[in-house]
Amino acid sequence: MYQTHSTGVIARSISSTLQVLCCLTAMISLAQAAATPDIHSLFASSVSPQTAIYKPNDPAVAQRWTTRDQPNYLGAIKPGSEADVKIIVKIAAKVGIAFLATGGGFGTSITLGNVKYGLDIDLGNFKSVSLDAGNNLLTVGGAASFDDAIPTLYAAGKEFQVGTASCVNIVGSTLGAGVSVFQGHRGLLIDTLQSVRLVTAAGDAITVSKSENADLFWGLRGAGQNFGVVLSATYQVFDATNGGQVLQTNFQFAGNVAEAIFNILKSFDGGMPELLAVNFAVGYSAAVNQSGFIINANYFGPQDEGLKYLQPFIDLKPVQQQIQMVAWKDIDSTGYFGMDAGACNKGQYVNAYSVGLKQTDVPTLLSFFGDLSLRNQQYPNIRTSFVIHRWPQQKVLAVNDDDTAYPYREIKAHVQLESYYTAGDPSLDKNVDAFSQAARTKLQATSGFSPAAVYLGFAHGDEGLNIWYTPKKLARLSPLKKQWDPKQAFSNYNPVPLA
């Protein structure tokens, strides 16, 4: 009797508690809905008919390359004009909505995930490309990709520094510095940038260049995401090197020649020709249960001249090789044997880390190669690979370090570590982060940099501001931030502090 009565009381008590919890949950949901701004109501009456407002993840809005630590948006707005961007920034700042101006969605920093209930200002209507061939000037819209500009440049017999993937946004690549295979003979993108049209945190549209707002122009070149929305940018371009023809070579090797390959990489520490660029990719083949290499090398000159520098790879007797002359516009599509490396596929779940090297330590790289090979065998549900970009520095180092906010002109090689796996399992995230952070620490220890160095566009986002920008550059960047963005509207990507 007592047991039955107690059971009934407990059951009724649980039922009542669940009802209360359901009511509380409903009340909280209603309160959150009431507190959440309605994007359409906020902006629709203030912008032009050419501006479109969308729900999050609408196909009409550019989707992200990786969904890892992605921003959380209330919606997206695609402005139709400069005036619309000015209004949108003013309203968003006034009501306190976090926002990001996006031109392709290729950023990988986990700091982007700090945006909650934010606004995506999609610059998809700003994709214009205009070439003044007589003056060697290229002007592109804030959302134009390298793919958008390449046909115009190539047809005019010009060339331009194309980033690690031609689908990537030009301006986004530039604001961190703009590293590329072209940098040995053409420099960084920030070094050829002439001016930008910028909407500031105050909602003003200004021109920024060496002659107008020069201090801000300094900060834009290395920390540009912190200061405004770039609507257009003008660059110096060049007559195409070697008539626009490039030696494109691809070599495939098994893992048993890893030490020899890393020794070739080390041989470049003493210098490499400004027309040569080499990418060392390490991946895993489940079919043969081992890791191996694909080496992609470009030489912006005659074939016979370039092959002299690449003979060490040929002497290793690659499993497969491809040697051909291609138009510079086709470098991206013909690299790595033309395989799709996933660089342009949207909606993937990618966990990316990076570290900059000033020197090559062969034992460290061999040890890491072994770690990676074992890991891929142990975790078939996670595919981890890395690429070492070894590009020349002649034109990069020709620019004085004090001329721009970019702090790492001395980086000789960029190591990119990427893990691909299925989203939704926190244990996998922890597993990948633990491995990647340990790998980064190992590589940094013999990198020649102390503390670590990382290219901003490749940064994971946990390194911290002293690594992203260095104390030396921050001494000038923070006052600029306080002057141009005192309320930190543009602080959602590897932010510069006010002080």
# chains A, B, ... in the order shown; residues from 1 in each chain; ligands from 1
call {"tool": "residues_around", "arguments": {"residues": "stretch 249-258 of chain A", "least_positions_apart": "3", "cutoff": "10 Å", "atoms": "only C-alpha atoms", "output": "PyMOL selection string"}}
result
chain A and resi 246+261-264+278-284+290-299+303+306-307+310+313-314+316-326+334-338+362+365-366+369-370+373
call {"tool": "write_last_selection", "arguments": {"atoms": "N, CA and C atoms", "output": "short mmCIF file (atom, residue, chain, number, x, y, z; two decimals), in the first residue's frame"}}
result
data_model
loop_
_atom_site.label_atom_id
_atom_site.label_comp_id
_atom_site.auth_asym_id
_atom_site.auth_seq_id
_atom_site.Cartn_x
_atom_site.Cartn_y
_atom_site.Cartn_z
N VAL A 246 54.32 28.49 -68.06
CA VAL A 246 54.91 28.04 -66.79
C VAL A 246 55.23 26.56 -66.89
N ILE A 261 63.27 13.41 -49.58
CA ILE A 261 62.43 14.54 -49.98
C ILE A 261 62.60 15.71 -49.02
N PHE A 262 62.64 15.42 -47.72
CA PHE A 262 62.82 16.50 -46.76
C PHE A 262 64.21 17.12 -46.86
N ASN A 263 65.18 16.34 -47.30
CA ASN A 263 66.52 16.91 -47.53
C ASN A 263 66.52 17.85 -48.73
N ILE A 264 65.72 17.53 -49.75
CA ILE A 264 65.58 18.46 -50.88
C ILE A 264 64.95 19.76 -50.40
N VAL A 278 57.60 25.40 -54.86
CA VAL A 278 57.40 23.96 -54.67
C VAL A 278 56.40 23.73 -53.52
N ASN A 279 55.47 22.82 -53.76
CA ASN A 279 54.48 22.43 -52.75
C ASN A 279 54.64 20.94 -52.46
N PHE A 280 54.82 20.61 -51.19
CA PHE A 280 55.01 19.22 -50.76
C PHE A 280 53.74 18.76 -50.05
N ALA A 281 52.97 17.87 -50.66
CA ALA A 281 51.72 17.39 -50.07
C ALA A 281 51.90 15.95 -49.58
N VAL A 282 51.45 15.70 -48.36
CA VAL A 282 51.52 14.36 -47.78
C VAL A 282 50.10 13.88 -47.51
N GLY A 283 49.76 12.73 -48.06
CA GLY A 283 48.44 12.16 -47.86
C GLY A 283 48.53 10.68 -47.58
N TYR A 284 47.39 10.07 -47.28
CA TYR A 284 47.34 8.65 -46.92
C TYR A 284 46.48 7.88 -47.91
N GLN A 290 49.48 3.20 -46.46
CA GLN A 290 50.68 3.98 -46.16
C GLN A 290 50.53 5.41 -46.67
N SER A 291 51.36 6.28 -46.11
CA SER A 291 51.38 7.67 -46.54
C SER A 291 52.38 7.85 -47.67
N GLY A 292 52.15 8.87 -48.47
CA GLY A 292 53.05 9.17 -49.57
C GLY A 292 53.02 10.64 -49.91
N PHE A 293 53.79 11.01 -50.93
CA PHE A 293 53.95 12.41 -51.31
C PHE A 293 53.44 12.68 -52.72
N ILE A 294 52.89 13.86 -52.89
CA ILE A 294 52.74 14.44 -54.22
C ILE A 294 53.43 15.79 -54.18
N ILE A 295 54.43 15.95 -55.02
CA ILE A 295 55.18 17.20 -55.11
C ILE A 295 54.70 17.95 -56.34
N ASN A 296 54.30 19.19 -56.13
CA ASN A 296 53.90 20.06 -57.24
C ASN A 296 54.88 21.22 -57.29
N ALA A 297 55.57 21.37 -58.42
CA ALA A 297 56.56 22.44 -58.56
C ALA A 297 56.27 23.26 -59.81
N ASN A 298 56.36 24.58 -59.66
CA ASN A 298 56.16 25.51 -60.78
C ASN A 298 57.44 26.27 -61.03
N TYR A 299 57.78 26.45 -62.30
CA TYR A 299 58.91 27.31 -62.66
C TYR A 299 58.42 28.28 -63.73
N GLN A 303 61.43 25.50 -69.87
CA GLN A 303 61.40 24.16 -69.32
C GLN A 303 62.80 23.64 -68.99
N GLY A 306 64.14 25.25 -65.84
CA GLY A 306 63.48 24.82 -64.62
C GLY A 306 63.83 23.41 -64.21
N LEU A 307 63.99 22.52 -65.20
CA LEU A 307 64.27 21.13 -64.88
C LEU A 307 65.62 20.94 -64.19
N LEU A 310 64.87 20.94 -60.67
CA LEU A 310 63.98 19.87 -60.24
C LEU A 310 64.59 18.49 -60.44
N PHE A 313 64.38 15.70 -57.70
CA PHE A 313 63.14 14.94 -57.61
C PHE A 313 63.11 13.83 -58.66
N ILE A 314 63.54 14.14 -59.86
CA ILE A 314 63.55 13.15 -60.94
C ILE A 314 64.50 12.00 -60.60
N LEU A 316 65.06 10.72 -57.81
CA LEU A 316 64.47 9.83 -56.81
C LEU A 316 63.54 8.79 -57.44
N LYS A 317 63.40 8.85 -58.77
CA LYS A 317 62.58 7.89 -59.51
C LYS A 317 61.14 7.84 -58.96
N PRO A 318 60.39 8.87 -59.20
CA PRO A 318 59.01 8.91 -58.69
C PRO A 318 58.15 7.78 -59.25
N VAL A 319 57.15 7.40 -58.50
CA VAL A 319 56.18 6.39 -58.94
C VAL A 319 55.45 6.89 -60.19
N GLN A 320 55.23 8.18 -60.23
CA GLN A 320 54.54 8.81 -61.36
C GLN A 320 55.06 10.23 -61.49
N GLN A 321 55.21 10.71 -62.71
CA GLN A 321 55.62 12.09 -62.89
C GLN A 321 54.93 12.69 -64.11
N GLN A 322 54.79 14.01 -64.06
CA GLN A 322 54.15 14.75 -65.15
C GLN A 322 54.92 16.05 -65.34
N ILE A 323 55.42 16.26 -66.53
CA ILE A 323 56.20 17.46 -66.84
C ILE A 323 55.60 18.11 -68.07
N GLN A 324 55.15 19.35 -67.93
CA GLN A 324 54.50 20.01 -69.06
C GLN A 324 54.58 21.52 -68.91
N MET A 325 54.50 22.22 -70.03
CA MET A 325 54.37 23.66 -70.03
C MET A 325 52.89 24.00 -70.12
N VAL A 326 52.43 24.88 -69.24
CA VAL A 326 51.02 25.27 -69.22
C VAL A 326 50.91 26.79 -69.16
N THR A 334 45.93 22.29 -63.12
CA THR A 334 46.85 21.23 -63.55
C THR A 334 47.81 20.78 -62.45
N GLY A 335 47.77 21.44 -61.29
CA GLY A 335 48.64 21.05 -60.19
C GLY A 335 48.19 19.75 -59.54
N TYR A 336 49.13 19.05 -58.90
CA TYR A 336 48.83 17.79 -58.21
C TYR A 336 48.14 16.79 -59.15
N PHE A 337 48.63 16.70 -60.37
CA PHE A 337 48.08 15.80 -61.39
C PHE A 337 46.63 16.14 -61.73
N GLY A 338 46.22 17.37 -61.46
CA GLY A 338 44.86 17.78 -61.79
C GLY A 338 43.80 17.23 -60.85
N VAL A 362 65.04 18.34 -40.69
CA VAL A 362 64.67 17.06 -41.28
C VAL A 362 64.22 16.04 -40.24
N LEU A 365 60.60 16.76 -39.21
CA LEU A 365 59.64 16.44 -40.26
C LEU A 365 59.48 14.94 -40.45
N LEU A 366 60.58 14.20 -40.32
CA LEU A 366 60.49 12.74 -40.43
C LEU A 366 59.66 12.16 -39.29
N PHE A 369 56.07 12.95 -39.94
CA PHE A 369 55.58 12.10 -41.02
C PHE A 369 55.19 10.73 -40.47
N GLY A 370 56.02 10.20 -39.56
CA GLY A 370 55.71 8.92 -38.93
C GLY A 370 54.47 9.00 -38.06
N SER A 373 51.42 9.10 -40.37
CA SER A 373 51.15 7.81 -41.00
C SER A 373 50.46 6.86 -40.03
#
call {"tool": "closest_atom_pairs", "arguments": {"of": "stretch 322-427 of chain A", "to": "stretch 154-170 of chain A", "cutoff": "7 Å", "atoms": "only C-alpha atoms", "output": "tab-separated table"}}
result
residue	atom	partner	partner_atom	distance
A:Lys329	CA	A:Tyr154	CA	6.6
A:Asp332	CA	A:Ser166	CA	6.4
A:Ala343	CA	A:Ala165	CA	6.4
A:Cys344	CA	A:Cys167	CA	6.2
call {"tool": "select_by_dssp", "arguments": {"residues": "stretch 73-275 of chain A", "states": "helix (DSSP H, G or I)", "output": "PyMOL selection string"}}
result
chain A and resi 82-95+110-114+133-135+146-155+170-176+183-186+189-192+214-226+241-244+255-270
call {"tool": "select_by_dssp", "arguments": {"residues": "stretch 6-217 of chain A", "states": "strand (DSSP E or B)", "output": "PyMOL selection string"}}
result
chain A and resi 52-54+66+73-78+99-102+118-122+129-132+137-141+145+158-159+169+193-199+205-209
call {"tool": "residues_around", "arguments": {"residues": "A:Thr108", "least_positions_apart": "6", "cutoff": "10 Å", "atoms": "only C-alpha atoms", "output": "VMD selection string"}}
result
chain A and resid 64 to 70 350 to 353 457 to 461 493
call {"tool": "write_last_selection", "arguments": {"atoms": "N, CA and C atoms", "output": "PDB file, in the first residue's frame"}}
result
ATOM      1  N   ARG A  64      29.846  28.498 -46.716  1.00  0.00           N
ATOM      2  CA  ARG A  64      31.218  28.401 -46.221  1.00  0.00           C
ATOM      3  C   ARG A  64      31.919  27.143 -46.731  1.00  0.00           C
ATOM      4  N   TRP A  65      33.254  27.270 -46.816  1.00  0.00           N
ATOM      5  CA  TRP A  65      34.080  26.132 -47.228  1.00  0.00           C
ATOM      6  C   TRP A  65      34.073  25.060 -46.147  1.00  0.00           C
ATOM      7  N   THR A  66      34.259  25.455 -44.888  1.00  0.00           N
ATOM      8  CA  THR A  66      34.205  24.514 -43.777  1.00  0.00           C
ATOM      9  C   THR A  66      33.115  24.930 -42.809  1.00  0.00           C
ATOM     10  N   THR A  67      32.391  23.946 -42.296  1.00  0.00           N
ATOM     11  CA  THR A  67      31.334  24.222 -41.325  1.00  0.00           C
ATOM     12  C   THR A  67      31.847  24.147 -39.893  1.00  0.00           C
ATOM     13  N   ARG A  68      33.122  23.871 -39.732  1.00  0.00           N
ATOM     14  CA  ARG A  68      33.726  23.830 -38.401  1.00  0.00           C
ATOM     15  C   ARG A  68      33.775  25.241 -37.809  1.00  0.00           C
ATOM     16  N   ASP A  69      33.241  25.402 -36.578  1.00  0.00           N
ATOM     17  CA  ASP A  69      33.248  26.692 -35.882  1.00  0.00           C
ATOM     18  C   ASP A  69      32.755  27.825 -36.779  1.00  0.00           C
ATOM     19  N   GLN A  70      31.675  27.566 -37.464  1.00  0.00           N
ATOM     20  CA  GLN A  70      31.158  28.588 -38.364  1.00  0.00           C
ATOM     21  C   GLN A  70      30.309  29.604 -37.602  1.00  0.00           C
ATOM     22  N   VAL A 350      36.213  20.744 -41.901  1.00  0.00           N
ATOM     23  CA  VAL A 350      37.676  20.738 -41.943  1.00  0.00           C
ATOM     24  C   VAL A 350      38.225  21.428 -40.700  1.00  0.00           C
ATOM     25  N   ASN A 351      39.143  20.763 -40.040  1.00  0.00           N
ATOM     26  CA  ASN A 351      39.803  21.319 -38.858  1.00  0.00           C
ATOM     27  C   ASN A 351      41.249  21.609 -39.256  1.00  0.00           C
ATOM     28  N   ALA A 352      41.592  22.888 -39.374  1.00  0.00           N
ATOM     29  CA  ALA A 352      42.875  23.277 -39.970  1.00  0.00           C
ATOM     30  C   ALA A 352      43.789  23.982 -38.978  1.00  0.00           C
ATOM     31  N   TYR A 353      45.064  23.642 -39.043  1.00  0.00           N
ATOM     32  CA  TYR A 353      46.116  24.273 -38.243  1.00  0.00           C
ATOM     33  C   TYR A 353      47.270  24.643 -39.171  1.00  0.00           C
ATOM     34  N   GLY A 457      46.107  34.189 -42.640  1.00  0.00           N
ATOM     35  CA  GLY A 457      45.090  33.499 -43.427  1.00  0.00           C
ATOM     36  C   GLY A 457      45.051  32.005 -43.211  1.00  0.00           C
ATOM     37  N   PHE A 458      46.109  31.426 -42.640  1.00  0.00           N
ATOM     38  CA  PHE A 458      46.158  29.997 -42.358  1.00  0.00           C
ATOM     39  C   PHE A 458      45.949  29.686 -40.878  1.00  0.00           C
ATOM     40  N   ALA A 459      45.857  30.695 -40.026  1.00  0.00           N
ATOM     41  CA  ALA A 459      45.825  30.500 -38.575  1.00  0.00           C
ATOM     42  C   ALA A 459      44.592  29.719 -38.139  1.00  0.00           C
ATOM     43  N   HIS A 460      44.767  28.892 -37.108  1.00  0.00           N
ATOM     44  CA  HIS A 460      43.638  28.140 -36.550  1.00  0.00           C
ATOM     45  C   HIS A 460      42.689  29.054 -35.792  1.00  0.00           C
ATOM     46  N   GLY A 461      43.263  30.053 -35.112  1.00  0.00           N
ATOM     47  CA  GLY A 461      42.447  31.001 -34.368  1.00  0.00           C
ATOM     48  C   GLY A 461      42.643  30.950 -32.871  1.00  0.00           C
ATOM     49  N   TYR A 493      37.106  38.386 -36.370  1.00  0.00           N
ATOM     50  CA  TYR A 493      38.071  37.524 -37.058  1.00  0.00           C
ATOM     51  C   TYR A 493      39.458  37.903 -36.566  1.00  0.00           C
TER      52      TYR A 493
END
call {"tool": "decode", "arguments": {"residues": "stretch 117-165 of chain A", "atoms": "C-alpha atoms", "output": "PDB file, in the first residue's frame"}}
result
ATOM      1  CA  TYR A 117      22.831  35.617 -33.819  1.00  0.00           C
ATOM      2  CA  GLY A 118      24.798  37.701 -36.276  1.00  0.00           C
ATOM      3  CA  LEU A 119      24.400  39.102 -39.758  1.00  0.00           C
ATOM      4  CA  ASP A 120      26.124  37.914 -42.918  1.00  0.00           C
ATOM      5  CA  ILE A 121      26.763  40.883 -45.210  1.00  0.00           C
ATOM      6  CA  ASP A 122      27.205  38.952 -48.442  1.00  0.00           C
ATOM      7  CA  LEU A 123      29.144  41.026 -50.979  1.00  0.00           C
ATOM      8  CA  GLY A 124      28.078  38.845 -53.889  1.00  0.00           C
ATOM      9  CA  ASN A 125      26.982  41.889 -55.898  1.00  0.00           C
ATOM     10  CA  PHE A 126      30.524  43.292 -55.735  1.00  0.00           C
ATOM     11  CA  LYS A 127      32.337  40.970 -58.148  1.00  0.00           C
ATOM     12  CA  SER A 128      33.351  43.372 -60.888  1.00  0.00           C
ATOM     13  CA  VAL A 129      36.704  43.074 -62.678  1.00  0.00           C
ATOM     14  CA  SER A 130      38.217  46.016 -64.565  1.00  0.00           C
ATOM     15  CA  LEU A 131      41.656  46.064 -66.176  1.00  0.00           C
ATOM     16  CA  ASP A 132      43.497  49.210 -67.210  1.00  0.00           C
ATOM     17  CA  ALA A 133      46.104  47.399 -69.302  1.00  0.00           C
ATOM     18  CA  GLY A 134      47.938  50.571 -70.310  1.00  0.00           C
ATOM     19  CA  ASN A 135      48.667  51.474 -66.705  1.00  0.00           C
ATOM     20  CA  ASN A 136      48.902  47.881 -65.424  1.00  0.00           C
ATOM     21  CA  LEU A 137      46.090  48.384 -62.916  1.00  0.00           C
ATOM     22  CA  LEU A 138      43.426  45.845 -61.974  1.00  0.00           C
ATOM     23  CA  THR A 139      40.362  46.843 -59.949  1.00  0.00           C
ATOM     24  CA  VAL A 140      38.170  44.107 -58.460  1.00  0.00           C
ATOM     25  CA  GLY A 141      35.035  44.077 -56.361  1.00  0.00           C
ATOM     26  CA  GLY A 142      35.167  42.949 -52.755  1.00  0.00           C
ATOM     27  CA  ALA A 143      33.760  39.502 -53.565  1.00  0.00           C
ATOM     28  CA  ALA A 144      35.666  38.810 -56.797  1.00  0.00           C
ATOM     29  CA  SER A 145      37.617  35.556 -56.810  1.00  0.00           C
ATOM     30  CA  PHE A 146      40.875  34.872 -58.599  1.00  0.00           C
ATOM     31  CA  ASP A 147      38.823  32.840 -61.079  1.00  0.00           C
ATOM     32  CA  ASP A 148      36.836  35.976 -61.883  1.00  0.00           C
ATOM     33  CA  ALA A 149      39.962  37.983 -62.734  1.00  0.00           C
ATOM     34  CA  ILE A 150      42.234  35.414 -64.385  1.00  0.00           C
ATOM     35  CA  PRO A 151      40.568  35.276 -67.850  1.00  0.00           C
ATOM     36  CA  THR A 152      40.703  39.066 -68.254  1.00  0.00           C
ATOM     37  CA  LEU A 153      44.341  39.239 -67.187  1.00  0.00           C
ATOM     38  CA  TYR A 154      45.497  36.322 -69.308  1.00  0.00           C
ATOM     39  CA  ALA A 155      43.736  37.590 -72.427  1.00  0.00           C
ATOM     40  CA  ALA A 156      45.573  40.905 -72.053  1.00  0.00           C
ATOM     41  CA  GLY A 157      48.981  39.251 -71.594  1.00  0.00           C
ATOM     42  CA  LYS A 158      49.152  40.195 -67.916  1.00  0.00           C
ATOM     43  CA  GLU A 159      49.682  38.219 -64.726  1.00  0.00           C
ATOM     44  CA  PHE A 160      48.771  38.553 -61.077  1.00  0.00           C
ATOM     45  CA  GLN A 161      49.579  36.710 -57.853  1.00  0.00           C
ATOM     46  CA  VAL A 162      47.041  33.887 -57.548  1.00  0.00           C
ATOM     47  CA  GLY A 163      46.603  32.378 -54.082  1.00  0.00           C
ATOM     48  CA  THR A 164      46.658  28.730 -53.037  1.00  0.00           C
ATOM     49  CA  ALA A 165      43.298  28.138 -54.760  1.00  0.00           C
TER      50      ALA A 165
END
